[in-house]
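Chemist: Enclosed is the structure file structure-v6.txt (compact mmCIF, C-alpha atoms).
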# COMPACT_ATOMS: atom_id res chain seq x y z
CA MET A 1 -14.79 -6.47 60.46
CA LYS A 2 -14.42 -5.64 56.77
CA MET A 3 -13.90 -9.29 55.87
CA GLU A 4 -17.03 -10.21 57.81
CA CYS A 5 -19.00 -7.49 55.97
CA ASP A 6 -17.75 -8.81 52.62
CA VAL A 7 -18.99 -12.30 53.50
CA ILE A 8 -22.39 -11.02 54.69
CA ARG A 9 -22.86 -8.87 51.58
CA ASP A 10 -22.23 -11.93 49.41
CA LEU A 11 -25.09 -13.62 51.33
CA LEU A 12 -27.48 -10.66 51.25
CA PRO A 13 -29.02 -11.52 47.81
CA LEU A 14 -29.95 -15.01 49.11
CA TYR A 15 -31.28 -13.52 52.33
CA ALA A 16 -33.31 -10.86 50.49
CA GLU A 17 -34.84 -13.48 48.20
CA LYS A 18 -35.59 -15.70 51.27
CA ILE A 19 -33.81 -18.68 49.80
CA ALA A 20 -31.00 -18.91 52.34
CA SER A 21 -30.87 -21.69 54.94
CA PRO A 22 -32.06 -21.00 58.51
CA ALA A 23 -28.48 -21.04 59.76
CA THR A 24 -27.46 -18.48 57.11
CA ASN A 25 -30.47 -16.31 57.96
CA ALA A 26 -29.52 -16.33 61.63
CA LEU A 27 -25.91 -15.40 60.83
CA VAL A 28 -26.98 -12.53 58.55
CA GLU A 29 -29.54 -11.17 61.03
CA GLN A 30 -27.01 -11.25 63.85
CA HIS A 31 -24.58 -9.19 61.74
CA LEU A 32 -27.26 -6.78 60.53
CA ALA A 33 -28.20 -5.97 64.13
CA GLU A 34 -24.67 -4.63 64.66
CA CYS A 35 -23.73 -3.20 61.20
CA PRO A 36 -25.60 -0.15 59.83
CA ASP A 37 -23.72 -0.28 56.50
CA CYS A 38 -24.89 -3.78 55.70
CA ARG A 39 -28.44 -2.86 56.79
CA ALA A 40 -28.34 0.02 54.30
CA GLN A 41 -27.14 -2.38 51.60
CA LEU A 42 -30.06 -4.70 52.32
CA GLU A 43 -32.56 -1.83 52.24
CA GLN A 44 -31.24 -0.78 48.84
CA MET A 45 -31.69 -4.33 47.54
CA GLU A 46 -35.25 -4.49 48.80
CA GLN A 47 -36.33 -1.28 47.08
CA PRO A 48 -38.55 -1.93 44.04
CA LEU A 49 -37.00 -1.36 40.61
CA PRO A 50 -38.36 1.67 38.69
CA VAL A 51 -40.87 0.69 36.05
CA GLN A 52 -39.96 1.80 32.54
CA PRO A 53 -42.88 3.45 30.75
CA GLU A 54 -44.12 1.47 27.82
CA LEU A 55 -43.13 2.88 24.45
CA GLN A 56 -46.05 3.94 22.36
CA PRO A 57 -46.15 2.08 19.07
CA GLU A 58 -45.13 4.29 16.18
CA ALA A 59 -47.37 4.86 13.24
CA PRO A 60 -46.95 2.17 10.56
CA LEU A 61 -46.22 4.80 7.87
CA GLU A 62 -43.37 6.28 9.90
CA ASN A 63 -41.90 2.80 10.37
CA ILE A 64 -42.00 2.26 6.62
CA ARG A 65 -40.31 5.61 5.97
CA ARG A 66 -37.57 4.89 8.48
CA THR A 67 -36.95 1.46 6.96
CA LEU A 68 -36.76 2.93 3.47
CA ARG A 69 -34.31 5.64 4.63
CA LYS A 70 -32.03 3.06 6.23
CA LYS A 71 -32.19 0.89 3.13
CA SER A 72 -31.35 3.87 0.88
CA ILE A 73 -28.34 4.78 3.01
CA ARG A 74 -27.06 1.20 2.96
CA THR A 75 -27.58 0.96 -0.80
CA ALA A 76 -25.74 4.25 -1.42
CA ALA A 77 -22.85 3.24 0.84
CA ALA A 78 -22.56 -0.12 -0.90
CA ALA A 79 -22.56 1.60 -4.31
CA VAL A 80 -19.81 4.05 -3.28
CA LEU A 81 -17.72 1.22 -1.86
CA ALA A 82 -18.15 -0.82 -5.04
CA VAL A 83 -17.04 2.13 -7.19
CA LEU A 84 -13.97 2.76 -5.02
CA CYS A 85 -13.02 -0.92 -5.17
CA ALA A 86 -13.46 -0.95 -8.96
CA VAL A 87 -11.32 2.19 -9.40
CA GLY A 88 -8.62 0.77 -7.14
CA LEU A 89 -8.64 -2.50 -9.05
CA VAL A 90 -8.32 -0.70 -12.40
CA PHE A 91 -5.36 1.37 -11.20
CA TRP A 92 -3.70 -1.74 -9.76
CA MET A 93 -4.18 -3.64 -13.01
CA GLY A 94 -2.88 -0.68 -15.01
CA SER A 95 0.32 -0.45 -12.96
CA ALA A 96 1.02 -4.18 -12.48
CA LYS A 97 4.33 -4.89 -14.19
CA ALA A 98 7.47 -7.01 -14.06
CA PRO A 99 11.01 -6.47 -15.41
CA VAL A 100 11.96 -8.42 -18.52
CA THR A 101 15.24 -9.95 -19.63
CA VAL A 102 17.41 -8.57 -22.42
CA GLU A 103 16.25 -11.39 -24.65
CA GLN A 104 12.58 -10.63 -23.94
CA ALA A 105 13.09 -6.89 -24.47
CA LYS A 106 14.63 -7.35 -27.97
CA ILE A 107 16.60 -4.11 -27.89
CA TRP A 108 17.39 -2.35 -31.16
CA THR A 109 19.31 0.92 -31.59
CA TYR A 110 19.91 3.26 -34.50
CA ASN A 111 20.98 6.83 -35.16
CA LYS A 112 18.98 9.51 -36.91
CA ARG A 113 19.21 13.21 -37.59
CA GLU A 114 16.28 15.35 -36.60
CA GLU A 115 16.06 19.15 -36.64
CA GLN A 116 19.80 19.38 -37.19
CA ALA A 117 20.50 17.21 -34.14
CA ASP A 118 22.13 13.77 -34.09
CA LEU A 119 19.99 11.44 -32.02
CA CYS A 120 20.42 7.89 -30.75
CA VAL A 121 17.13 5.97 -30.69
CA LEU A 122 16.64 2.81 -28.64
CA GLU A 123 13.58 0.64 -29.16
CA VAL A 124 12.24 -2.49 -27.47
CA GLN A 125 10.44 -4.84 -29.84
CA GLY A 126 9.44 -7.55 -27.37
CA GLU A 127 5.73 -8.31 -26.99
CA ASN A 128 4.08 -5.81 -24.62
CA VAL A 129 7.49 -4.54 -23.47
CA ARG A 130 7.76 -0.87 -22.53
CA LEU A 131 10.55 1.47 -21.48
CA GLU A 132 9.86 3.18 -18.18
CA LEU A 133 11.79 6.39 -17.60
CA GLU A 134 13.50 6.88 -14.25
CA GLY A 135 12.98 10.44 -13.13
CA SER A 136 12.41 13.16 -15.70
CA PHE A 137 13.92 13.59 -19.14
CA ASN A 138 16.20 16.52 -19.90
CA TRP A 139 18.47 17.00 -22.89
CA GLY A 140 21.02 18.59 -20.57
CA LYS A 141 21.38 15.49 -18.40
CA PRO A 142 24.63 13.55 -18.94
CA SER A 143 22.82 10.24 -18.51
CA ILE A 144 19.31 8.84 -18.87
CA THR A 145 18.07 5.59 -17.28
CA VAL A 146 15.11 3.48 -18.39
CA ARG A 147 13.74 0.12 -17.24
CA ALA A 148 12.46 -2.55 -19.60
CA VAL A 149 9.20 -3.85 -18.18
CA ARG A 150 6.14 -5.78 -19.28
CA TYR A 151 2.75 -4.70 -18.01
CA ALA A 152 0.41 -7.49 -16.99
CA PHE A 153 -2.57 -5.67 -18.53
CA PRO A 154 -1.16 -3.51 -21.36
CA GLY A 155 -4.57 -2.41 -22.62
CA ILE A 156 -5.61 -1.05 -19.22
CA HIS A 157 -2.19 0.57 -18.75
CA LYS A 158 -2.46 2.34 -22.12
CA ALA A 159 -6.01 3.51 -21.33
CA LEU A 160 -4.88 4.92 -17.97
CA GLU A 161 -2.00 6.80 -19.60
CA GLY A 162 -4.46 8.32 -22.04
CA LEU A 163 -6.88 9.20 -19.25
CA LEU A 164 -4.19 10.83 -17.11
CA GLY A 165 -2.86 12.73 -20.12
CA ALA A 166 0.77 11.67 -19.65
CA GLY A 167 2.84 8.77 -20.85
CA ALA A 168 5.35 7.49 -18.32
CA SER A 169 6.41 4.64 -20.61
CA ASP A 170 6.92 3.99 -24.30
CA THR A 171 8.48 1.46 -26.65
CA SER A 172 11.31 3.81 -27.69
CA ILE A 173 13.41 6.68 -26.39
CA ALA A 174 15.68 9.15 -28.17
CA VAL A 175 18.74 10.77 -26.58
CA SER A 176 21.53 12.93 -27.90
CA GLY A 177 24.71 11.37 -29.20
CA THR A 178 26.63 12.51 -26.13
CA GLN A 179 24.17 11.28 -23.50
CA LEU A 180 24.71 7.93 -21.81
CA LEU A 181 21.61 5.75 -22.00
CA THR A 182 21.29 3.00 -19.36
CA VAL A 183 18.75 0.21 -19.84
CA GLU A 184 17.94 -1.89 -16.76
CA CYS A 185 16.65 -5.39 -17.48
CA ALA A 186 15.85 -8.29 -15.17
CA ASP A 187 19.10 -10.11 -15.93
CA GLU A 188 21.47 -7.38 -17.08
CA THR A 189 22.07 -3.65 -17.19
CA ARG A 190 23.24 -2.29 -20.54
CA HIS A 191 24.75 1.06 -21.48
CA TYR A 192 24.55 2.83 -24.84
CA ARG A 193 26.19 5.92 -26.28
CA ASP A 194 25.94 7.31 -29.77
CA GLY A 195 23.94 4.30 -30.95
CA GLN A 196 26.29 1.57 -29.80
CA GLN A 197 26.62 -0.53 -26.67
CA VAL A 198 29.42 0.46 -24.30
CA GLN A 199 30.91 -1.11 -21.20
CA ARG A 200 31.32 0.45 -17.79
CA TYR A 201 34.92 0.54 -16.55
CA ILE A 202 36.38 1.68 -13.24
CA LEU A 203 39.92 2.96 -13.78
CA LYS A 204 42.44 3.38 -11.01
CA GLU A 205 44.62 6.43 -11.49
CA ALA A 206 48.23 6.71 -10.44
CA ASP A 207 47.28 8.78 -7.40
CA GLY A 208 44.88 6.06 -6.21
CA THR A 209 41.66 7.79 -7.26
CA GLN A 210 39.09 5.87 -9.31
CA THR A 211 37.32 7.11 -12.41
CA GLU A 212 34.19 5.71 -14.05
CA VAL A 213 34.24 5.62 -17.86
CA TYR A 214 32.04 4.09 -20.55
CA ALA A 215 33.63 2.80 -23.73
CA PRO A 216 33.21 0.02 -26.32
CA GLU A 217 34.18 -3.52 -25.32
CA GLY A 218 37.95 -4.00 -25.38
CA ASP A 219 38.94 -0.33 -25.22
CA TYR A 220 40.29 -0.80 -21.69
CA THR A 221 42.20 -3.71 -20.17
CA LEU A 222 43.97 -4.50 -16.92
CA GLU A 223 47.06 -2.80 -18.35
CA ASN A 224 45.05 0.42 -18.47
CA GLY A 225 44.41 0.20 -14.74
CA VAL A 226 40.92 -1.35 -14.90
CA VAL A 227 39.81 -2.52 -11.45
CA GLU A 228 36.17 -3.24 -12.27
CA LYS A 229 34.11 -3.85 -15.37
CA GLY A 230 30.38 -4.11 -15.98
Translate this file's structure into structure tokens.
Modeler:
Amino acid sequence: MKMECDVIRDLLPLYAEKIASPATNALVEQHLAECPDCRAQLEQMEQPLPVQPELQPEAPLENIRRTLRKKSIRTAAAAVLAVLCAVGLVFWMGSAKAPVTVEQAKIWTYNKREEQADLCVLEVQGENVRLELEGSFNWGKPSITVRAVRYAFPGIHKALEGLLGAGASDTSIAVSGTQLLTVECADETRHYRDGQQVQRYILKEADGTQTEVYAPEGDYTLENGVVEKG
């Protein structure tokens, strides 16, 4: 019976609009005589649709005010979005950077005495090359690491550092004579101590343990138990 009701209900719109064929009309009427549910469905279809009341036209002045308010909101939103995009672009340009090679960095070191302390100063003299400190600086640290980088927009980067009131990069760095200074470049990592370049050696002790030491080139050889260098 349910399948028959489904078929009849598919035909009810045609029957209600009086566009069904005579044979279809006869089939529908025969079913409606026996099925109260389908009769109720047909009665619901034949009920007139409620008429929506016509909206009264608004006053022209109110329409103008509403239009101006919408336009002001859109203009303000567009202005805020433009400012945010501009700020984001400036910060991106100020932080855009790439590592440089040792040759591009043009590293130079020298020693100096300042306030009764012996310092080792490392400078990069390459065009627009800066030293970027890894972590924070502390005279008590045994080692300090910097990266040699070139900012794509050095002027914007310098302006941002001035605006933020802190310099995360510079063209030189000073460490104590006992601190190990590591400079990471695109093609090589160099180590300096007391103003001169040193090599990294891994020494194998007699008991099998390994020790990391930094010394001038040639101070350690395979006879000294070197298992790795560089």
Chemist: Which of these, A:Leu163, A:Ala98, A:Leu84, A:Val175, has the shortest distance to Lys112 (chain A) once you count only C-alpha atoms?
Modeler: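 Smallest separation from Lys112 (chain A) among the options: A:Val175.
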Chemist: Dump as CSV the rows for residues of region 22-113 of chain A within 12 Å of region 136-151 of chain A: closest atom pair and distance in Å with one decimal, all atoms listed in the file counted, ordered by chain and rising residue number.
Modeler:
residue,atom,partner,partner_atom,distance
A:Trp92,CA,A:Tyr151,CA,10.9
A:Met93,CA,A:Tyr151,CA,8.6
A:Gly94,CA,A:Tyr151,CA,7.5
A:Ser95,CA,A:Tyr151,CA,7.0
A:Ala96,CA,A:Tyr151,CA,5.8
A:Lys97,CA,A:Tyr151,CA,4.1
A:Ala98,CA,A:Val149,CA,5.5
A:Pro99,CA,A:Val149,CA,4.2
A:Val100,CA,A:Val149,CA,5.3
A:Thr101,CA,A:Ala148,CA,7.9
A:Val102,CA,A:Ala148,CA,8.3
A:Glu103,CA,A:Ala148,CA,10.9
A:Gln104,CA,A:Ala148,CA,9.2
A:Ala105,CA,A:Ala148,CA,6.6
A:Lys106,CA,A:Ala148,CA,9.9
A:Ile107,CA,A:Ala148,CA,9.4
Chemist: Could you name the residues that touch region 212-216 of chain A at 9 Å or less, counting only C-alpha atoms, but leaving out those on the same chain fewer than 4 positions away, as a PyMOL selection string?
Modeler: chain A and resi 180+191-193+196-203+220
Chemist: When you draw a straight line from CA of Leu122 (chain A) to CA of Tyr110 (chain A), how long is it in Å?
Modeler: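 One can read the CA of Leu122 (chain A) to CA of Tyr110 (chain A) distance as 6.7 Å.
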Chemist: Leaving out Tyr15 (chain A) and any residue of its chain fewer than 5 positions from it, which residues lie within 10 Å of it when counting all atoms listed in the file, given as a list of chain:residue names?
Modeler: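 Listed by chain and then number, they are A:Ile8, A:Arg9, A:Asp10, A:Ala20, A:Ser21, A:Pro22, A:Thr24, A:Asn25, A:Ala26, A:Val28, A:Glu29, A:Leu42.
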Chemist: With 3 Å added on each side, what axis-aligned box encloses every listed atom of region 93-112 of chain A? Give the centre and edge lengths in Å to one decimal, as lines of an AutoDock Vina configuration file.
Modeler:
center_x = 8.4
center_y = -0.9
center_z = -24.7
size_x = 31.2
size_y = 26.9
size_z = 30.4
Chemist: Do you have the CA of Ala76 (chain A)-CA of Phe91 (chain A) distance handy?
Modeler: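 Spanning CA of Ala76 (chain A) to CA of Phe91 (chain A) is a straight-line distance of 22.8 Å.
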Chemist: Hey, can you check how far CA of Asp118 (chain A) sits from CA of Ser176 (chain A)?
Modeler: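 Between these atoms lies a distance of 6.3 Å.
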Chemist: From the set A:Val90, A:Pro13, A:Thr178, A:Glu205, which residue has the shortest atom-to-atom contact distance to Gly155 (chain A), counting only C-alpha atoms?
Modeler: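 So, comparing all the options, the nearest one is A:Val90.
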Chemist: Give me the residues within 12 Å of Glu46 (chain A) as number ranges by chain, counting only C-alpha atoms and dropping any in the same chain fewer than 4 places off.
Modeler: A: 12-18, 39-42
Chemist: Please write the residues from the selection above to a file, keeping C-alpha atoms, as a CSV table (one decimal), in the coordinates of the input.
Modeler:
chain,number,residue,atom,x,y,z
A,12,LEU,CA,-27.5,-10.7,51.2
A,13,PRO,CA,-29.0,-11.5,47.8
A,14,LEU,CA,-30.0,-15.0,49.1
A,15,TYR,CA,-31.3,-13.5,52.3
A,16,ALA,CA,-33.3,-10.9,50.5
A,17,GLU,CA,-34.8,-13.5,48.2
A,18,LYS,CA,-35.6,-15.7,51.3
A,39,ARG,CA,-28.4,-2.9,56.8
A,40,ALA,CA,-28.3,0.0,54.3
A,41,GLN,CA,-27.1,-2.4,51.6
A,42,LEU,CA,-30.1,-4.7,52.3
Chemist: Please return region 180-204 of chain A, rebuilt to N, CA, C and O atoms, as a compact mmCIF listing (two decimals), in the coordinates of the input.
Modeler:
# COMPACT_ATOMS: atom_id res chain seq x y z
N LEU A 180 24.61 9.35 -22.12
CA LEU A 180 24.71 7.93 -21.81
C LEU A 180 23.32 7.41 -21.50
O LEU A 180 22.61 7.96 -20.66
N LEU A 181 22.93 6.35 -22.21
CA LEU A 181 21.61 5.75 -22.00
C LEU A 181 21.79 4.40 -21.31
O LEU A 181 22.45 3.51 -21.85
N THR A 182 21.20 4.25 -20.12
CA THR A 182 21.29 3.00 -19.36
C THR A 182 19.94 2.30 -19.40
O THR A 182 18.91 2.92 -19.13
N VAL A 183 19.97 1.01 -19.76
CA VAL A 183 18.75 0.21 -19.84
C VAL A 183 18.84 -0.89 -18.79
O VAL A 183 19.74 -1.75 -18.87
N GLU A 184 17.95 -0.87 -17.81
CA GLU A 184 17.94 -1.89 -16.76
C GLU A 184 16.96 -2.99 -17.12
O GLU A 184 15.77 -2.74 -17.32
N CYS A 185 17.48 -4.22 -17.23
CA CYS A 185 16.65 -5.39 -17.48
C CYS A 185 16.70 -6.32 -16.28
O CYS A 185 17.45 -6.08 -15.33
N ALA A 186 15.91 -7.38 -16.31
CA ALA A 186 15.85 -8.29 -15.17
C ALA A 186 17.16 -9.02 -14.95
O ALA A 186 17.53 -9.33 -13.82
N ASP A 187 17.89 -9.31 -16.04
CA ASP A 187 19.10 -10.11 -15.93
C ASP A 187 20.38 -9.34 -16.22
O ASP A 187 21.48 -9.86 -16.01
N GLU A 188 20.27 -8.10 -16.65
CA GLU A 188 21.47 -7.38 -17.08
C GLU A 188 21.15 -5.89 -17.18
O GLU A 188 20.02 -5.50 -17.47
N THR A 189 22.17 -5.09 -16.96
CA THR A 189 22.07 -3.65 -17.19
C THR A 189 23.00 -3.28 -18.33
O THR A 189 24.20 -3.58 -18.29
N ARG A 190 22.44 -2.66 -19.36
CA ARG A 190 23.24 -2.29 -20.54
C ARG A 190 23.36 -0.78 -20.66
O ARG A 190 22.47 -0.03 -20.23
N HIS A 191 24.47 -0.36 -21.29
CA HIS A 191 24.75 1.06 -21.48
C HIS A 191 24.96 1.32 -22.97
O HIS A 191 25.61 0.53 -23.67
N TYR A 192 24.44 2.46 -23.43
CA TYR A 192 24.55 2.83 -24.84
C TYR A 192 24.97 4.29 -24.96
O TYR A 192 24.54 5.14 -24.17
N ARG A 193 25.82 4.54 -25.97
CA ARG A 193 26.19 5.92 -26.28
C ARG A 193 26.41 6.03 -27.78
O ARG A 193 27.09 5.19 -28.38
N ASP A 194 25.81 7.05 -28.34
CA ASP A 194 25.94 7.31 -29.77
C ASP A 194 25.53 6.09 -30.61
O ASP A 194 26.17 5.75 -31.61
N GLY A 195 24.50 5.38 -30.16
CA GLY A 195 23.94 4.30 -30.95
C GLY A 195 24.62 2.96 -30.80
O GLY A 195 24.20 1.98 -31.44
N GLN A 196 25.64 2.85 -29.98
CA GLN A 196 26.29 1.57 -29.80
C GLN A 196 26.43 1.22 -28.32
O GLN A 196 26.48 2.11 -27.47
N GLN A 197 26.50 -0.08 -28.06
CA GLN A 197 26.62 -0.53 -26.67
C GLN A 197 28.03 -0.27 -26.17
O GLN A 197 29.02 -0.50 -26.88
N VAL A 198 28.12 0.20 -24.93
CA VAL A 198 29.42 0.46 -24.30
C VAL A 198 29.47 -0.27 -22.97
O VAL A 198 28.45 -0.66 -22.41
N GLN A 199 30.68 -0.45 -22.48
CA GLN A 199 30.91 -1.11 -21.20
C GLN A 199 31.27 -0.08 -20.14
O GLN A 199 31.81 0.99 -20.45
N ARG A 200 30.96 -0.41 -18.92
CA ARG A 200 31.32 0.45 -17.79
C ARG A 200 32.64 -0.04 -17.21
O ARG A 200 32.80 -1.21 -16.87
N TYR A 201 33.62 0.88 -17.11
CA TYR A 201 34.92 0.54 -16.55
C TYR A 201 35.22 1.45 -15.37
O TYR A 201 34.88 2.64 -15.38
N ILE A 202 35.86 0.90 -14.36
CA ILE A 202 36.38 1.68 -13.24
C ILE A 202 37.90 1.67 -13.36
O ILE A 202 38.54 0.61 -13.28
N LEU A 203 38.49 2.84 -13.60
CA LEU A 203 39.92 2.96 -13.78
C LEU A 203 40.57 3.51 -12.51
O LEU A 203 40.04 4.44 -11.88
N LYS A 204 41.68 2.91 -12.17
CA LYS A 204 42.44 3.38 -11.01
C LYS A 204 43.58 4.24 -11.50
O LYS A 204 44.45 3.78 -12.25
